file protein-v1.pdb (PDB, C-alpha atoms and all ligand atoms)
ATOM      1  CA  MET A   1    -197.619 -69.653 -98.961
ATOM      2  CA  PRO A   2    -196.805 -68.720-102.556
ATOM      3  CA  ARG A   3    -196.944 -65.042-103.447
ATOM      4  CA  VAL A   4    -199.995 -63.932-105.408
ATOM      5  CA  ALA A   5    -199.625 -62.253-108.803
ATOM      6  CA  LEU A   6    -202.396 -60.542-110.743
ATOM      7  CA  VAL A   7    -201.849 -59.991-114.472
ATOM      8  CA  THR A   8    -204.246 -57.773-116.417
ATOM      9  CA  GLY A   9    -204.884 -58.863-119.987
ATOM     10  CA  GLY A  10    -203.234 -62.051-118.799
ATOM     11  CA  SER A  11    -204.872 -64.655-121.009
ATOM     12  CA  ARG A  12    -203.501 -63.640-124.417
ATOM     13  CA  GLY A  13    -200.340 -62.307-126.044
ATOM     14  CA  ILE A  14    -197.605 -60.928-123.805
ATOM     15  CA  GLY A  15    -199.947 -61.218-120.803
ATOM     16  CA  ALA A  16    -200.403 -64.966-121.266
ATOM     17  CA  ALA A  17    -196.633 -65.461-121.405
ATOM     18  CA  ILE A  18    -196.302 -63.394-118.208
ATOM     19  CA  SER A  19    -198.998 -65.400-116.406
ATOM     20  CA  ASN A  20    -197.319 -68.662-117.405
ATOM     21  CA  ALA A  21    -193.835 -67.510-116.435
ATOM     22  CA  LEU A  22    -195.012 -66.317-113.012
ATOM     23  CA  LYS A  23    -196.817 -69.612-112.448
ATOM     24  CA  ASP A  24    -193.650 -71.522-113.414
ATOM     25  CA  ALA A  25    -191.731 -69.327-110.944
ATOM     26  CA  GLY A  26    -194.045 -70.490-108.148
ATOM     27  CA  TYR A  27    -196.579 -67.670-107.906
ATOM     28  CA  SER A  28    -200.268 -68.179-107.419
ATOM     29  CA  VAL A  29    -201.540 -66.362-110.532
ATOM     30  CA  ALA A  30    -204.821 -64.694-111.498
ATOM     31  CA  ALA A  31    -205.283 -63.336-115.023
ATOM     32  CA  THR A  32    -207.879 -60.795-116.072
ATOM     33  CA  TYR A  33    -209.387 -60.381-119.515
ATOM     34  CA  ALA A  34    -211.853 -57.922-121.019
ATOM     35  CA  GLY A  35    -213.897 -59.671-123.659
ATOM     36  CA  ASN A  36    -212.622 -62.827-125.309
ATOM     37  CA  ASP A  37    -214.377 -65.537-123.238
ATOM     38  CA  GLU A  38    -213.310 -68.314-125.581
ATOM     39  CA  ALA A  39    -209.599 -67.470-125.408
ATOM     40  CA  ALA A  40    -209.797 -67.136-121.623
ATOM     41  CA  ALA A  41    -211.539 -70.495-121.189
ATOM     42  CA  GLU A  42    -208.962 -72.159-123.439
ATOM     43  CA  PHE A  43    -206.121 -70.478-121.525
ATOM     44  CA  THR A  44    -207.471 -71.754-118.198
ATOM     45  CA  LYS A  45    -207.936 -75.233-119.656
ATOM     46  CA  GLN A  46    -204.352 -75.318-120.941
ATOM     47  CA  THR A  47    -202.632 -73.762-117.927
ATOM     48  CA  GLY A  48    -204.891 -74.157-114.886
ATOM     49  CA  ILE A  49    -204.573 -70.379-114.321
ATOM     50  CA  LYS A  50    -207.855 -68.859-113.204
ATOM     51  CA  THR A  51    -209.193 -66.001-115.343
ATOM     52  CA  TYR A  52    -211.464 -63.142-114.290
ATOM     53  CA  LYS A  53    -213.451 -60.897-116.612
ATOM     54  CA  TRP A  54    -213.636 -57.170-115.998
ATOM     55  CA  ASN A  55    -212.923 -53.875-117.661
ATOM     56  CA  VAL A  56    -209.807 -52.164-116.259
ATOM     57  CA  ALA A  57    -211.196 -48.824-117.475
ATOM     58  CA  ASP A  58    -213.929 -49.065-114.806
ATOM     59  CA  TYR A  59    -212.793 -48.318-111.229
ATOM     60  CA  ALA A  60    -215.733 -50.049-109.528
ATOM     61  CA  GLU A  61    -215.220 -53.198-111.614
ATOM     62  CA  CYS A  62    -211.537 -53.221-110.622
ATOM     63  CA  GLN A  63    -212.415 -52.896-106.929
ATOM     64  CA  ALA A  64    -214.935 -55.733-107.127
ATOM     65  CA  GLY A  65    -212.687 -57.941-109.275
ATOM     66  CA  ILE A  66    -209.682 -57.475-107.020
ATOM     67  CA  ALA A  67    -211.807 -58.316-103.962
ATOM     68  CA  GLN A  68    -212.831 -61.565-105.665
ATOM     69  CA  VAL A  69    -209.237 -62.470-106.571
ATOM     70  CA  GLU A  70    -208.092 -61.776-103.005
ATOM     71  CA  ALA A  71    -210.949 -63.876-101.604
ATOM     72  CA  ASP A  72    -209.890 -66.745-103.883
ATOM     73  CA  LEU A  73    -206.097 -66.543-103.707
ATOM     74  CA  GLY A  74    -205.132 -64.163-100.890
ATOM     75  CA  PRO A  75    -203.666 -60.639-100.894
ATOM     76  CA  VAL A  76    -202.045 -59.595-104.164
ATOM     77  CA  ASP A  77    -198.267 -59.139-103.861
ATOM     78  CA  VAL A  78    -197.440 -58.556-107.527
ATOM     79  CA  LEU A  79    -199.540 -56.512-109.957
ATOM     80  CA  VAL A  80    -198.661 -56.634-113.630
ATOM     81  CA  ASN A  81    -200.504 -53.886-115.513
ATOM     82  CA  ASN A  82    -200.371 -55.389-118.961
ATOM     83  CA  ALA A  83    -203.849 -54.809-120.420
ATOM     84  CA  GLY A  84    -203.683 -52.496-123.408
ATOM     85  CA  ILE A  85    -205.410 -51.667-126.657
ATOM     86  CA  THR A  86    -204.623 -49.777-129.848
ATOM     87  CA  ARG A  87    -206.922 -47.571-131.911
ATOM     88  CA  ASP A  88    -204.395 -46.379-134.480
ATOM     89  CA  ALA A  89    -205.163 -43.503-136.819
ATOM     90  CA  PRO A  90    -203.231 -40.549-138.197
ATOM     91  CA  PHE A  91    -203.936 -37.601-135.901
ATOM     92  CA  HIS A  92    -206.050 -35.727-138.428
ATOM     93  CA  LYS A  93    -208.385 -38.752-138.539
ATOM     94  CA  MET A  94    -208.261 -39.712-134.851
ATOM     95  CA  THR A  95    -211.646 -39.365-133.152
ATOM     96  CA  PRO A  96    -212.206 -38.276-129.542
ATOM     97  CA  GLU A  97    -213.615 -41.760-128.986
ATOM     98  CA  GLN A  98    -210.348 -43.386-130.158
ATOM     99  CA  TRP A  99    -208.413 -41.054-127.857
ATOM    100  CA  HIS A 100    -210.580 -41.825-124.813
ATOM    101  CA  GLN A 101    -210.751 -45.592-125.376
ATOM    102  CA  VAL A 102    -206.969 -45.896-125.377
ATOM    103  CA  ILE A 103    -206.323 -43.469-122.508
ATOM    104  CA  ASP A 104    -209.101 -45.011-120.393
ATOM    105  CA  THR A 105    -207.760 -48.544-120.809
ATOM    106  CA  ASN A 106    -203.984 -48.117-121.015
ATOM    107  CA  LEU A 107    -203.481 -45.237-118.574
ATOM    108  CA  THR A 108    -206.526 -44.819-116.340
ATOM    109  CA  GLY A 109    -206.685 -48.624-116.214
ATOM    110  CA  VAL A 110    -203.310 -48.617-114.451
ATOM    111  CA  PHE A 111    -204.634 -46.174-111.853
ATOM    112  CA  ASN A 112    -207.818 -48.201-111.438
ATOM    113  CA  MET A 113    -205.912 -51.430-110.795
ATOM    114  CA  THR A 114    -203.075 -50.061-108.696
ATOM    115  CA  HIS A 115    -205.022 -47.714-106.430
ATOM    116  CA  PRO A 116    -207.220 -50.343-104.712
ATOM    117  CA  LEU A 117    -204.180 -52.610-104.128
ATOM    118  CA  TRP A 118    -201.853 -49.899-102.814
ATOM    119  CA  PRO A 119    -203.092 -49.667 -99.170
ATOM    120  CA  GLY A 120    -202.720 -53.442 -98.669
ATOM    121  CA  MET A 121    -199.212 -53.465-100.103
ATOM    122  CA  ARG A 122    -198.275 -50.550 -97.828
ATOM    123  CA  GLU A 123    -199.646 -52.335 -94.779
ATOM    124  CA  ARG A 124    -197.885 -55.612 -95.586
ATOM    125  CA  LYS A 125    -194.664 -53.754 -96.442
ATOM    126  CA  PHE A 126    -194.230 -55.558 -99.733
ATOM    127  CA  GLY A 127    -195.404 -55.022-103.268
ATOM    128  CA  ARG A 128    -194.336 -55.137-106.867
ATOM    129  CA  ILE A 129    -196.038 -52.919-109.452
ATOM    130  CA  ILE A 130    -194.925 -53.683-112.991
ATOM    131  CA  ILE A 131    -196.331 -51.795-115.967
ATOM    132  CA  ILE A 132    -195.997 -53.010-119.526
ATOM    133  CA  SER A 133    -195.421 -49.739-121.367
ATOM    134  CA  SER A 134    -194.048 -49.656-124.932
ATOM    135  CA  ILE A 135    -191.205 -48.508-127.146
ATOM    136  CA  ASN A 136    -193.821 -46.183-128.624
ATOM    137  CA  GLY A 137    -194.242 -44.455-125.272
ATOM    138  CA  GLN A 138    -190.524 -43.676-125.453
ATOM    139  CA  LYS A 139    -190.193 -42.578-129.070
ATOM    140  CA  GLY A 140    -193.737 -41.819-130.270
ATOM    141  CA  GLN A 141    -195.237 -43.465-133.336
ATOM    142  CA  PHE A 142    -197.013 -42.396-136.507
ATOM    143  CA  ALA A 143    -200.769 -42.961-136.040
ATOM    144  CA  GLN A 144    -200.427 -43.517-132.265
ATOM    145  CA  VAL A 145    -200.844 -40.146-130.549
ATOM    146  CA  ASN A 146    -203.324 -41.789-128.172
ATOM    147  CA  TYR A 147    -201.284 -44.946-127.528
ATOM    148  CA  ALA A 148    -197.924 -43.163-127.223
ATOM    149  CA  ALA A 149    -199.441 -40.689-124.754
ATOM    150  CA  SER A 150    -200.857 -43.511-122.629
ATOM    151  CA  LYS A 151    -197.591 -45.446-122.619
ATOM    152  CA  ALA A 152    -195.497 -42.358-121.847
ATOM    153  CA  GLY A 153    -197.924 -41.692-118.995
ATOM    154  CA  ASP A 154    -197.159 -45.150-117.613
ATOM    155  CA  LEU A 155    -193.511 -44.091-117.226
ATOM    156  CA  GLY A 156    -194.568 -41.069-115.174
ATOM    157  CA  ILE A 157    -196.654 -43.328-112.962
ATOM    158  CA  VAL A 158    -193.800 -45.704-112.113
ATOM    159  CA  LYS A 159    -191.353 -42.872-111.422
ATOM    160  CA  SER A 160    -193.796 -41.309-108.978
ATOM    161  CA  LEU A 161    -195.010 -44.523-107.349
ATOM    162  CA  ALA A 162    -191.399 -45.600-106.889
ATOM    163  CA  GLN A 163    -190.815 -42.604-104.650
ATOM    164  CA  GLU A 164    -194.016 -43.129-102.668
ATOM    165  CA  GLY A 165    -193.698 -46.883-102.221
ATOM    166  CA  ALA A 166    -189.997 -47.322-101.537
ATOM    167  CA  ARG A 167    -190.158 -47.058 -97.743
ATOM    168  CA  ALA A 168    -193.057 -49.479 -97.650
ATOM    169  CA  GLY A 169    -191.101 -52.141 -99.547
ATOM    170  CA  ILE A 170    -192.997 -51.534-102.768
ATOM    171  CA  THR A 171    -191.212 -51.145-106.088
ATOM    172  CA  ALA A 172    -192.746 -49.823-109.316
ATOM    173  CA  ASN A 173    -191.071 -50.426-112.646
ATOM    174  CA  ALA A 174    -191.916 -50.380-116.339
ATOM    175  CA  ILE A 175    -190.949 -52.592-119.202
ATOM    176  CA  CYS A 176    -190.987 -51.105-122.685
ATOM    177  CA  PRO A 177    -191.373 -53.921-125.182
ATOM    178  CA  GLY A 178    -190.524 -53.232-128.777
ATOM    179  CA  TYR A 179    -192.477 -55.009-131.494
ATOM    180  CA  ILE A 180    -193.439 -58.448-130.187
ATOM    181  CA  ALA A 181    -195.096 -61.218-132.211
ATOM    182  CA  THR A 182    -198.639 -60.895-130.840
ATOM    183  CA  ASP A 183    -202.107 -60.332-132.332
ATOM    184  CA  MET A 184    -201.681 -56.574-131.721
ATOM    185  CA  VAL A 185    -198.595 -56.325-133.914
ATOM    186  CA  MET A 186    -199.937 -58.828-136.452
ATOM    187  CA  ALA A 187    -202.913 -56.448-136.915
ATOM    188  CA  VAL A 188    -200.543 -53.853-138.399
ATOM    189  CA  PRO A 189    -200.708 -53.981-142.231
ATOM    190  CA  GLU A 190    -198.085 -56.434-143.503
ATOM    191  CA  LYS A 191    -196.215 -53.841-145.571
ATOM    192  CA  VAL A 192    -195.938 -51.530-142.557
ATOM    193  CA  ARG A 193    -194.877 -54.434-140.343
ATOM    194  CA  ASP A 194    -192.120 -55.441-142.753
ATOM    195  CA  SER A 195    -190.791 -51.895-142.701
ATOM    196  CA  ILE A 196    -190.821 -51.966-138.889
ATOM    197  CA  VAL A 197    -188.899 -55.265-138.730
ATOM    198  CA  ALA A 198    -186.344 -53.725-141.087
ATOM    199  CA  GLN A 199    -185.669 -51.095-138.367
ATOM    200  CA  ILE A 200    -184.940 -53.706-135.679
ATOM    201  CA  PRO A 201    -181.201 -54.450-135.512
ATOM    202  CA  THR A 202    -181.897 -57.947-134.172
ATOM    203  CA  GLY A 203    -183.786 -58.558-137.433
ATOM    204  CA  ARG A 204    -186.909 -60.112-135.956
ATOM    205  CA  LEU A 205    -189.954 -59.449-133.792
ATOM    206  CA  GLY A 206    -189.564 -60.220-130.111
ATOM    207  CA  GLU A 207    -191.178 -63.204-128.404
ATOM    208  CA  PRO A 208    -193.703 -62.735-125.557
ATOM    209  CA  GLU A 209    -191.526 -64.920-123.319
ATOM    210  CA  GLU A 210    -188.690 -62.409-123.672
ATOM    211  CA  ILE A 211    -190.889 -59.855-121.903
ATOM    212  CA  ALA A 212    -192.201 -62.384-119.391
ATOM    213  CA  ARG A 213    -188.670 -63.152-118.188
ATOM    214  CA  CYS A 214    -188.132 -59.447-117.401
ATOM    215  CA  VAL A 215    -191.345 -59.464-115.354
ATOM    216  CA  VAL A 216    -190.291 -62.507-113.323
ATOM    217  CA  PHE A 217    -187.023 -60.772-112.480
ATOM    218  CA  LEU A 218    -188.649 -57.464-111.492
ATOM    219  CA  ALA A 219    -191.150 -59.331-109.305
ATOM    220  CA  SER A 220    -188.423 -61.192-107.416
ATOM    221  CA  ASP A 221    -186.725 -60.275-104.137
ATOM    222  CA  ASP A 222    -183.479 -60.033-106.140
ATOM    223  CA  ALA A 223    -184.866 -56.907-107.857
ATOM    224  CA  GLY A 224    -185.597 -55.054-104.598
ATOM    225  CA  PHE A 225    -183.154 -52.215-105.371
ATOM    226  CA  ILE A 226    -184.600 -51.616-108.847
ATOM    227  CA  ASN A 227    -187.293 -48.985-108.458
ATOM    228  CA  GLY A 228    -188.725 -46.431-110.875
ATOM    229  CA  SER A 229    -186.806 -48.003-113.745
ATOM    230  CA  THR A 230    -187.664 -48.630-117.337
ATOM    231  CA  ILE A 231    -186.343 -51.792-118.973
ATOM    232  CA  SER A 232    -186.272 -51.600-122.762
ATOM    233  CA  ALA A 233    -186.627 -54.918-124.586
ATOM    234  CA  ASN A 234    -186.768 -53.988-128.242
ATOM    235  CA  GLY A 235    -184.010 -55.758-130.182
ATOM    236  CA  GLY A 236    -181.952 -52.562-130.312
ATOM    237  CA  GLN A 237    -184.623 -50.572-132.181
ATOM    238  CA  PHE A 238    -184.467 -47.579-129.850
ATOM    239  CA  PHE A 239    -182.114 -46.396-127.107
ATOM    240  CA  VAL A 240    -183.173 -43.968-124.435
TER     241      VAL A 240
HETATM  242  N1  LIG B   1    -194.357 -43.117-141.091
HETATM  243  C1  LIG B   1    -194.639 -42.217-142.060
HETATM  244  N2  LIG B   1    -195.731 -42.301-142.843
HETATM  245  C2  LIG B   1    -196.556 -43.335-142.647
HETATM  246  C3  LIG B   1    -196.325 -44.300-141.662
HETATM  247  C4  LIG B   1    -195.159 -44.152-140.879
HETATM  248  N3  LIG B   1    -194.868 -45.039-139.917
HETATM  249  N4  LIG B   1    -197.337 -45.196-141.679
HETATM  250  C5  LIG B   1    -198.166 -44.805-142.678
HETATM  251  N5  LIG B   1    -197.692 -43.698-143.253
HETATM  252  C6  LIG B   1    -198.256 -42.935-144.355
HETATM  253  C7  LIG B   1    -198.667 -43.843-145.497
HETATM  254  O1  LIG B   1    -197.575 -44.081-146.354
HETATM  255  C8  LIG B   1    -199.744 -43.011-146.162
HETATM  256  O2  LIG B   1    -199.142 -41.983-146.901
HETATM  257  P1  LIG B   1    -199.692 -41.584-148.344
HETATM  258  O3  LIG B   1    -201.100 -41.102-148.114
HETATM  259  O4  LIG B   1    -198.761 -40.510-148.820
HETATM  260  O5  LIG B   1    -199.636 -42.839-149.145
HETATM  261  C9  LIG B   1    -200.390 -42.371-144.955
HETATM  262  O6  LIG B   1    -199.457 -42.340-143.917
HETATM  263  C10 LIG B   1    -201.524 -43.234-144.459
HETATM  264  O7  LIG B   1    -202.590 -42.587-144.799
HETATM  265  P2  LIG B   1    -203.967 -43.362-144.825
HETATM  266  O8  LIG B   1    -205.006 -42.355-145.075
HETATM  267  O9  LIG B   1    -203.876 -44.554-145.704
HETATM  268  O10 LIG B   1    -204.036 -43.867-143.318
HETATM  269  P3  LIG B   1    -205.115 -44.762-142.692
HETATM  270  O11 LIG B   1    -206.165 -43.882-142.127
HETATM  271  O12 LIG B   1    -205.538 -45.839-143.599
HETATM  272  O13 LIG B   1    -204.297 -45.349-141.494
HETATM  273  C11 LIG B   1    -202.537 -46.619-140.451
HETATM  274  C12 LIG B   1    -203.330 -46.362-141.731
HETATM  275  C13 LIG B   1    -203.474 -46.783-139.261
HETATM  276  C14 LIG B   1    -201.611 -45.476-140.180
HETATM  277  C15 LIG B   1    -201.773 -47.914-140.738
HETATM  278  O14 LIG B   1    -200.790 -47.644-141.700
HETATM  279  C16 LIG B   1    -201.135 -48.505-139.503
HETATM  280  O15 LIG B   1    -201.761 -49.244-138.774
HETATM  281  N6  LIG B   1    -199.855 -48.184-139.298
HETATM  282  C17 LIG B   1    -199.098 -48.794-138.211
HETATM  283  C18 LIG B   1    -199.100 -47.963-136.978
HETATM  284  C19 LIG B   1    -198.242 -48.666-135.966
HETATM  285  O16 LIG B   1    -197.063 -48.858-136.141
HETATM  286  N7  LIG B   1    -198.856 -49.115-134.855
HETATM  287  C20 LIG B   1    -198.165 -49.893-133.885
HETATM  288  C21 LIG B   1    -199.013 -51.059-133.517
HETATM  289  S1  LIG B   1    -198.156 -52.273-132.560
HETATM  290  C22 LIG B   1    -198.177 -51.672-131.032
HETATM  291  O17 LIG B   1    -198.693 -50.631-130.729
HETATM  292  C23 LIG B   1    -197.467 -52.490-129.994
HETATM  293  C24 LIG B   1    -196.320 -51.761-129.438
HETATM  294  O18 LIG B   1    -196.415 -51.309-128.292
HETATM  295  C25 LIG B   1    -195.071 -51.683-130.170
END
call {"tool": "encode", "arguments": {"input": "protein-v1.pdb", "output": "structure tokens", "more": "lines below"}}
Ligand code: CAA
result
Amino acid sequence: MPRVALVTGGSRGIGAAISNALKDAGYSVAATYAGNDEAAAEFTKQTGIKTYKWNVADYAECQAGIAQVEADLGPVDVLVNNAGITRDAPFHKMTPEQWHQVIDTNLTGVFNMTHPLWPGMRERKFGRIIIISSINGQKGQFAQVNYAASKAGDLGIVKSLAQEGARAGITANAICPGYIATDMVMAVPEKVRDSIVAQIPTGRLGEPEEIARCVVFLASDDAGFINGSTISANGGQFFV
């Protein structure tokens, strides 16, 4: 039986590349999405990967959605917490709503997805939790107090889960992508984006597939001794 992988935000951007790479590596893959029905339908048509719509910020929706995925594909072995949003604004203009939207999706969403899956992984003595954090969780970013806080929080989650899951054969790791050519980065004003690319020693944005390959490795048996780690994939823009 192939292992089952669940990728949140898995029908677009970095998530779509992750879903595809896991499928190519032999996993049975389910991808969640929050709102863009058209993109999800097109993704399923192109790849054959089944998509499920729910809001990771809602615990009950995660419980119900996960139950449906497990009924369709079997117990989830690999969870990739990739779903994330930005609501950028300089701090003096940031609204409580912008703060809560980002924290609820990017940080609480990780809790909401991981918590219902944890008991099953513990029982089966195998699991892989992979969180897509961000370079901006490591270094902070102008206009991203909310986003940087959520992504830094992700790093605390993996370091703690790593200690709790290790004896049950579960690993938890984070990947911190730098600036990757996705809709999220393309939404940054062009002038600002150009100045960001100028700070990347590699001289270009990253490709979603460059993150997906890290995920496939962390999900594999070969990565069993890697636990609580953070892999930076940012073209040399920032060193921890
Ligand atoms: N550093 C220093 N100053 C900056 C800055 C930066 N990175 N970005 C903008 N500023 C300055 C501007 O020059 C401007 O200054 P002046 O008023 O002196 O001209 C000021 O901040 C902007 O003020 P505004 O009132 O115009 O700001 P705004 O309310 O219109 O907001 C913005 C604009 C949201 C900050 C916009 O510039 C923006 O989106 N910046 C990009 C933020 C960013 O990098 N986000 C990352 C998104 S990608 C991602 O998150 C994926 C990932 O994980 C890597």
call {"tool": "closest_residue", "arguments": {"input": "protein-v1.pdb", "among": "A:Ile211, A:Ile85, A:Met121, A:Leu73", "to": "ligand LIG 1 (chain B)", "atoms": "all atoms listed in the file"}}
result
A:Ile85
call {"tool": "closest_residue", "arguments": {"input": "protein-v1.pdb", "among": "A:Val110, A:Ile14, A:Thr8, A:Thr230", "to": "Leu155 in chain A", "atoms": "all atoms listed in the file"}}
result
A:Thr230
call {"tool": "resolve_selection", "arguments": {"input": "protein-v1.pdb", "expression": "the PyMOL selection byres (((not hetatm)) within 6 of (chain B and resi 1))", "output": "compact mmCIF listing (two decimals) with C-alpha atoms, keeping the file's coordinate frame"}}
result
# COMPACT_ATOMS: atom_id res chain seq x y z
CA ASP A 88 -204.40 -46.38 -134.48
CA ALA A 89 -205.16 -43.50 -136.82
CA PRO A 90 -203.23 -40.55 -138.20
CA SER A 134 -194.05 -49.66 -124.93
CA ILE A 135 -191.20 -48.51 -127.15
CA ASN A 136 -193.82 -46.18 -128.62
CA PHE A 142 -197.01 -42.40 -136.51
CA ALA A 143 -200.77 -42.96 -136.04
CA GLY A 178 -190.52 -53.23 -128.78
CA TYR A 179 -192.48 -55.01 -131.49
CA MET A 184 -201.68 -56.57 -131.72
CA VAL A 185 -198.60 -56.32 -133.91
CA VAL A 188 -200.54 -53.85 -138.40
CA PRO A 189 -200.71 -53.98 -142.23
call {"tool": "closest_residue", "arguments": {"input": "protein-v1.pdb", "among": "A:Asp154, A:Glu42, A:Glu190, A:Glu164", "to": "Cys176 in chain A", "atoms": "all atoms listed in the file"}}
result
A:Asp154
call {"tool": "closest_residue", "arguments": {"input": "protein-v1.pdb", "among": "A:Asn146, A:Gln237, A:Gln63, A:Asn82", "to": "Gly13 in chain A", "atoms": "only C-alpha atoms"}}
result
A:Asn82
call {"tool": "resolve_selection", "arguments": {"input": "protein-v1.pdb", "expression": "the PyMOL selection byres (((chain A and resi 159-163) around 8) and not hetatm)", "output": "compact mmCIF listing (two decimals) with C-alpha atoms, keeping the file's coordinate frame"}}
result
# COMPACT_ATOMS: atom_id res chain seq x y z
CA LEU A 155 -193.51 -44.09 -117.23
CA GLY A 156 -194.57 -41.07 -115.17
CA ILE A 157 -196.65 -43.33 -112.96
CA VAL A 158 -193.80 -45.70 -112.11
CA GLU A 164 -194.02 -43.13 -102.67
CA GLY A 165 -193.70 -46.88 -102.22
CA ALA A 166 -190.00 -47.32 -101.54
CA ILE A 170 -193.00 -51.53 -102.77
CA THR A 171 -191.21 -51.14 -106.09
CA ALA A 172 -192.75 -49.82 -109.32
CA ASN A 173 -191.07 -50.43 -112.65
CA ASN A 227 -187.29 -48.98 -108.46
CA GLY A 228 -188.72 -46.43 -110.88
CA SER A 229 -186.81 -48.00 -113.74
call {"tool": "residues_around", "arguments": {"input": "protein-v1.pdb", "residues": "Arg128 in chain A", "least_positions_apart": "4", "cutoff": "12 Å", "atoms": "all atoms listed in the file", "output": "ChimeraX atom specification"}}
result
/A:3-7,76-81,114,117-118,120-122,124,158,161-162,165-166,168-174,215-228
call {"tool": "residues_around", "arguments": {"input": "protein-v1.pdb", "residues": "Val69 in chain A", "least_positions_apart": "3", "cutoff": "10 Å", "atoms": "all atoms listed in the file", "output": "PyMOL selection string"}}
result
chain A and resi 4-6+29-32+50-52+64-66+72-76
call {"tool": "resolve_selection", "arguments": {"input": "protein-v1.pdb", "expression": "the PyMOL selection byres (((chain A and resi 96-109) around 8) and not hetatm)", "output": "PyMOL selection string"}}
result
chain A and resi 56-59+83-88+94-95+110-113+146-147+149-151+153-154
call {"tool": "axis_aligned_box", "arguments": {"input": "protein-v1.pdb", "around": "range 47-52 of chain A", "padding_each_side": "6 Å", "output": "JSON"}}
result
{"center_x": -207.0, "center_y": -68.6, "center_z": -115.6, "size_x": 20.8, "size_y": 23.0, "size_z": 16.7}
call {"tool": "atom_distance", "arguments": {"input": "protein-v1.pdb", "atom1": "CA of Asn55 in chain A", "atom2": "CA of Ser11 in chain A"}}
result
13.9 Å
call {"tool": "atom_distance", "arguments": {"input": "protein-v1.pdb", "atom1": "CA of Gly48 in chain A", "atom2": "CA of Pro2 in chain A"}}
result
15.7 Å
call {"tool": "closest_residue", "arguments": {"input": "protein-v1.pdb", "among": "A:Pro116, A:Gly10, A:Gly140, A:Gly26", "to": "Ala67 in chain A", "atoms": "only C-alpha atoms"}}
result
A:Pro116
call {"tool": "atom_distance", "arguments": {"input": "protein-v1.pdb", "atom1": "CA of Ala39 in chain A", "atom2": "CA of Tyr27 in chain A"}}
result
21.8 Å
call {"tool": "residues_near_point", "arguments": {"input": "protein-v1.pdb", "point": "(-183.9, -57.9, -135.8)", "cutoff": "12 Å", "atoms": "only C-alpha atoms", "output": "MDAnalysis selection string"}}
result
chainID A and resid 178:180 194:207 233:238
